[in-house]
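Okay, so here's the structure we're looking at.
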Amino acid sequence: MRVSSQSFRWSAATRAQRRVVIAAGLGWMLDAFDVMLYSIILASLMSAFGMSKSTAGLLNALTLVASAIGGILFGLLADRFGRRPMLSLSILVYSVFTAACGLSTTIPALAVCRFLLGLGMGGEWNTGATLVAETWPTALRGRALGIVQSSWAVGYALSALVAGLILVHFSWRYAFFVGILPAIAVLWIRREVPEPEVFLQARSATTPRSSLRAYWKPLAILTAANTCGMFAWWGLFTWIPAYLVLDGAHGGRGFSLMNLTGFLVALNLVGMLPGYLLFGVIADRFGRRLSFVVYLSAAAASVALFASARQPVAIFLSACVSAFFGTGFFTGSGIIASEIFPTSIRATALGISYNLARGLSALAPFTIGVLAERHGLAAAFTVSAVAFALAAFFGLFLPETSRAALDIA
């Protein structure tokens, strides 16, 4: 289904449209940078604190639970006070508490910092996605949100690069300290990024605000699809670094630290980045729902291939395919949610459908860790494949929104 012959041209976009994409993309990139530092240095943390795989997974689960709370909270505040101030505040929160993780001397202290970090992490996505959705036209919204989502891959790659360089020369604590740098972006966002006109119109309108109750069915379906997809993603990508570094006796593949750094950088730039970007192009041309379901189905199949791979080349190629499809579908989640829900409840609905799902999927790292202790990580990754397949099933029941203009009610 071809939705429009309109082409995407960055130079033809308005100043406000360009700045909103940059702000949301920068926030999401730095969110990934801060959050994924934990996964990159997980093996070092397990050694420093004497943590088991299950405890390490539980700490990451705590962050995901906090992100659900933060997403809903920041969504409510963004619908009331504006998208820009809540985007700024969320970035400030996750930056400060990422750096605070580097000061932790006990597991409980680290857990508290991870929880508070998660609050900001949850708020950034829905405020940024809402900003973009309300600024760009329907025919180009998929590609604009694809650019924003693709910045996660850049942030992940940067975290792998920075953490790899720091761990060679310094303690893991310094990797967390670098996480304070995203706070600098707040100054630019507050000065240069405008509130969307559609939000200002909705806030000044005299008509009654829309209610979430009227949208409970698509909200429930999208939340279910996101929950399964995120369970699969967090279960897989939280453990990939440790899986590659651990030796064969511990169920890993025995990569060196430098090989791991190169692998993760390439994985994000070759797999995740084009997966995010191309989803927007495909969805703008063939429809949101079909693209969403195809990506998730392909992700399920590719995870099984990754778990069974033994040779370095096969591991890398299958991981890239998993990253392409298994992360690219997140672009679809943002597009579909932004087009289903009206402006007055958009940020709240995105916060629920995305971050509540992230909270519900919080047990994924813990579950994979527990199963890995009994059966090995390769076997445990089968759970992620099944979860991707379930997400594709729920996606079949979503409405097609590719021709929908944003409702400002």
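Every chain in the structure tokens takes a letter, A first, then B, and so on in the order presented; its residues are numbered from 1, and the ligands are numbered from 1 following the presented order.
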Practice task
Could you give me, as a ChimeraX atom specification, the residues within 9 Å of region 31-43 of chain A, counting only C-alpha atoms and dropping anything in the same chain fewer than 2 positions from it?
Solution key: /A:26-29,45-48,56,60,63,91,94-95,98-99,114,117-118,120-121,124-125,151-160,162-164,167,172,175-176,178-180,182,237-242,245-246,261,264
Emit the selected residues as a compact mmCIF listing (two decimals), in the first residue's frame, including N, CA and C atoms.
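That gives us selection.txt:
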```txt
# COMPACT_ATOMS: atom_id res chain seq x y z
N LEU A 26 18.70 13.11 19.80
CA LEU A 26 19.81 13.28 20.74
C LEU A 26 19.45 12.71 22.11
N GLY A 27 18.23 12.98 22.56
CA GLY A 27 17.80 12.44 23.85
C GLY A 27 17.77 10.92 23.85
N TRP A 28 17.28 10.33 22.77
CA TRP A 28 17.19 8.87 22.69
C TRP A 28 18.56 8.23 22.54
N MET A 29 19.45 8.89 21.79
CA MET A 29 20.81 8.39 21.64
C MET A 29 21.53 8.39 22.99
N LEU A 45 31.05 -5.67 36.45
CA LEU A 45 30.24 -5.46 37.66
C LEU A 45 30.03 -6.76 38.42
N MET A 46 29.77 -7.83 37.70
CA MET A 46 29.57 -9.13 38.35
C MET A 46 30.81 -9.53 39.12
N SER A 47 31.98 -9.25 38.58
CA SER A 47 33.23 -9.58 39.25
C SER A 47 33.47 -8.67 40.46
N ALA A 48 33.22 -7.36 40.29
CA ALA A 48 33.49 -6.39 41.36
C ALA A 48 32.59 -6.59 42.56
N ALA A 56 22.41 -9.95 38.70
CA ALA A 56 22.71 -8.96 37.67
C ALA A 56 21.49 -8.70 36.80
N ASN A 60 18.90 -5.08 36.36
CA ASN A 60 18.42 -4.49 35.12
C ASN A 60 16.90 -4.48 35.07
N THR A 63 15.55 -1.43 36.75
CA THR A 63 15.59 -0.25 35.89
C THR A 63 14.39 -0.21 34.96
N ILE A 91 15.94 13.79 30.54
CA ILE A 91 17.36 13.65 30.20
C ILE A 91 18.24 13.99 31.40
N TYR A 94 18.14 10.96 34.03
CA TYR A 94 18.93 9.75 33.75
C TYR A 94 20.42 10.05 33.65
N SER A 95 20.80 11.27 33.30
CA SER A 95 22.22 11.61 33.25
C SER A 95 22.84 11.65 34.64
N THR A 98 22.97 8.10 36.22
CA THR A 98 23.96 7.22 35.59
C THR A 98 25.32 7.48 36.20
N ALA A 99 25.67 8.76 36.32
CA ALA A 99 26.95 9.12 36.94
C ALA A 99 27.01 8.64 38.38
N ARG A 114 20.12 2.71 39.81
CA ARG A 114 19.53 2.14 38.60
C ARG A 114 18.03 2.41 38.53
N LEU A 117 17.60 6.18 37.69
CA LEU A 117 17.97 6.33 36.28
C LEU A 117 16.81 5.90 35.38
N GLY A 118 16.16 4.81 35.76
CA GLY A 118 15.06 4.29 34.96
C GLY A 118 13.89 5.24 34.86
N GLY A 120 13.97 8.51 34.55
CA GLY A 120 14.25 9.43 33.44
C GLY A 120 14.26 8.73 32.10
N MET A 121 14.79 7.52 32.08
CA MET A 121 14.83 6.72 30.86
C MET A 121 13.42 6.51 30.31
N GLU A 124 11.86 9.85 28.69
CA GLU A 124 12.45 10.45 27.49
C GLU A 124 11.77 9.98 26.21
N TRP A 125 11.49 8.69 26.12
CA TRP A 125 11.02 8.16 24.85
C TRP A 125 9.68 8.74 24.45
N SER A 151 18.77 6.56 16.42
CA SER A 151 19.80 7.14 17.28
C SER A 151 20.11 6.25 18.49
N TRP A 152 19.19 5.34 18.83
CA TRP A 152 19.47 4.37 19.89
C TRP A 152 20.68 3.51 19.52
N ALA A 153 20.73 3.10 18.26
CA ALA A 153 21.85 2.28 17.80
C ALA A 153 23.17 3.05 17.90
N VAL A 154 23.11 4.34 17.57
CA VAL A 154 24.32 5.16 17.66
C VAL A 154 24.76 5.28 19.12
N GLY A 155 23.79 5.49 20.02
CA GLY A 155 24.12 5.60 21.44
C GLY A 155 24.68 4.31 22.00
N TYR A 156 24.12 3.19 21.57
CA TYR A 156 24.60 1.88 22.02
C TYR A 156 26.03 1.66 21.53
N ALA A 157 26.27 2.00 20.26
CA ALA A 157 27.61 1.84 19.70
C ALA A 157 28.61 2.73 20.43
N LEU A 158 28.21 3.97 20.74
CA LEU A 158 29.09 4.88 21.47
C LEU A 158 29.40 4.34 22.87
N SER A 159 28.37 3.77 23.52
CA SER A 159 28.60 3.23 24.86
C SER A 159 29.59 2.07 24.81
N ALA A 160 29.48 1.24 23.76
CA ALA A 160 30.42 0.12 23.62
C ALA A 160 31.83 0.63 23.38
N VAL A 162 33.09 3.74 24.12
CA VAL A 162 33.61 4.47 25.29
C VAL A 162 33.94 3.52 26.43
N ALA A 163 33.00 2.60 26.73
CA ALA A 163 33.25 1.65 27.81
C ALA A 163 34.45 0.77 27.52
N GLY A 164 34.59 0.34 26.25
CA GLY A 164 35.72 -0.50 25.89
C GLY A 164 37.05 0.22 26.11
N LEU A 167 37.57 0.78 30.06
CA LEU A 167 37.88 -0.43 30.83
C LEU A 167 39.30 -0.92 30.60
N TRP A 172 35.69 0.46 36.02
CA TRP A 172 34.34 0.54 35.47
C TRP A 172 33.60 1.78 35.96
N ALA A 175 33.38 4.68 33.52
CA ALA A 175 32.42 4.53 32.42
C ALA A 175 31.08 5.14 32.80
N PHE A 176 30.66 4.93 34.05
CA PHE A 176 29.41 5.54 34.52
C PHE A 176 29.54 7.06 34.65
N VAL A 178 31.05 9.11 32.82
CA VAL A 178 30.87 9.73 31.50
C VAL A 178 29.38 9.97 31.22
N GLY A 179 28.52 9.21 31.89
CA GLY A 179 27.09 9.33 31.67
C GLY A 179 26.48 10.67 32.05
N ILE A 180 27.21 11.54 32.72
CA ILE A 180 26.69 12.85 33.08
C ILE A 180 26.66 13.79 31.88
N PRO A 182 25.26 13.77 28.89
CA PRO A 182 24.00 14.12 28.21
C PRO A 182 23.26 15.31 28.83
N PHE A 237 19.46 -8.69 24.39
CA PHE A 237 20.55 -7.73 24.27
C PHE A 237 21.18 -7.34 25.61
N THR A 238 20.49 -7.59 26.71
CA THR A 238 21.15 -7.40 28.00
C THR A 238 22.28 -8.41 28.18
N TRP A 239 22.08 -9.62 27.64
CA TRP A 239 23.02 -10.71 27.89
C TRP A 239 24.00 -10.97 26.76
N ILE A 240 23.82 -10.36 25.60
CA ILE A 240 24.74 -10.60 24.49
C ILE A 240 26.19 -10.26 24.85
N PRO A 241 26.48 -9.10 25.48
CA PRO A 241 27.88 -8.82 25.83
C PRO A 241 28.51 -9.89 26.72
N ALA A 242 27.80 -10.27 27.80
CA ALA A 242 28.32 -11.30 28.70
C ALA A 242 28.42 -12.64 28.00
N VAL A 245 31.61 -12.65 25.96
CA VAL A 245 32.85 -12.56 26.73
C VAL A 245 33.13 -13.83 27.54
N LEU A 246 32.08 -14.41 28.13
CA LEU A 246 32.28 -15.60 28.95
C LEU A 246 32.91 -16.73 28.13
N THR A 261 34.14 -5.10 21.90
CA THR A 261 33.87 -3.70 21.57
C THR A 261 33.63 -3.53 20.08
N LEU A 264 30.21 -5.12 19.07
CA LEU A 264 29.02 -4.36 19.45
C LEU A 264 28.85 -3.08 18.63
```
Exercise for the section: Within 8 Å of region 354-366 of chain A, counting only C-alpha atoms, which residues show up once you throw out same-chain ones fewer than 3 positions away? Write them as a VMD selection string, please. Expected result: chain A and resid 53 to 58 60 to 72 122 126 223 to 224 226 to 228 230 to 232 234 to 236 238 to 239 333 350 to 351 369 to 370
Practice task
Run DSSP on the backbone and grab whatever in region 47-285 of chain A lands in helix (DSSP H, G or I); send it over as a ChimeraX atom specification.
Solution key: /A:47-49,53-81,83-101,107-133,138-169,172-180,183-192,197-204,212-237,240-245,248-250,257-285
Problem - Pick from A:Val265, A:Val293, A:Leu165, A:Ala372 nearest to Ala323 (chain A), counting only C-alpha atoms - result: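 Among the listed residues, A:Val265 lies closest to Ala323 (chain A).
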Practice task
Just the residues within 12 Å of Ala347 (chain A), please, counting only C-alpha atoms, with nothing from its chain fewer than 3 positions along; format it as a ChimeraX atom specification.
Solution key: /A:71-84,86-87,122-134,199,212,334,337-344,350-355
Residues near Ala389 (chain A), anyone? I mean within 9 Å using only C-alpha atoms, not counting same-chain ones fewer than 2 positions away, as a compact mmCIF listing (two decimals) with C-alpha atoms, in the first residue's frame.
```txt
# COMPACT_ATOMS: atom_id res chain seq x y z
CA CYS A 228 6.40 -9.35 24.28
CA GLY A 229 8.75 -7.52 21.92
CA LEU A 296 8.76 -9.20 14.58
CA SER A 297 8.31 -12.52 12.76
CA ALA A 298 11.75 -12.21 11.18
CA ALA A 299 13.24 -11.34 14.58
CA ALA A 300 11.85 -14.55 16.07
CA ALA A 301 13.47 -16.65 13.36
CA SER A 384 13.39 -14.33 23.33
CA ALA A 385 12.54 -16.00 20.01
CA VAL A 386 9.17 -17.13 21.37
CA ALA A 387 8.45 -13.67 22.78
CA ALA A 391 4.54 -9.89 19.67
CA ALA A 392 3.97 -10.50 15.95
CA PHE A 393 0.73 -12.32 16.76
CA PHE A 394 -0.62 -9.39 18.79
```
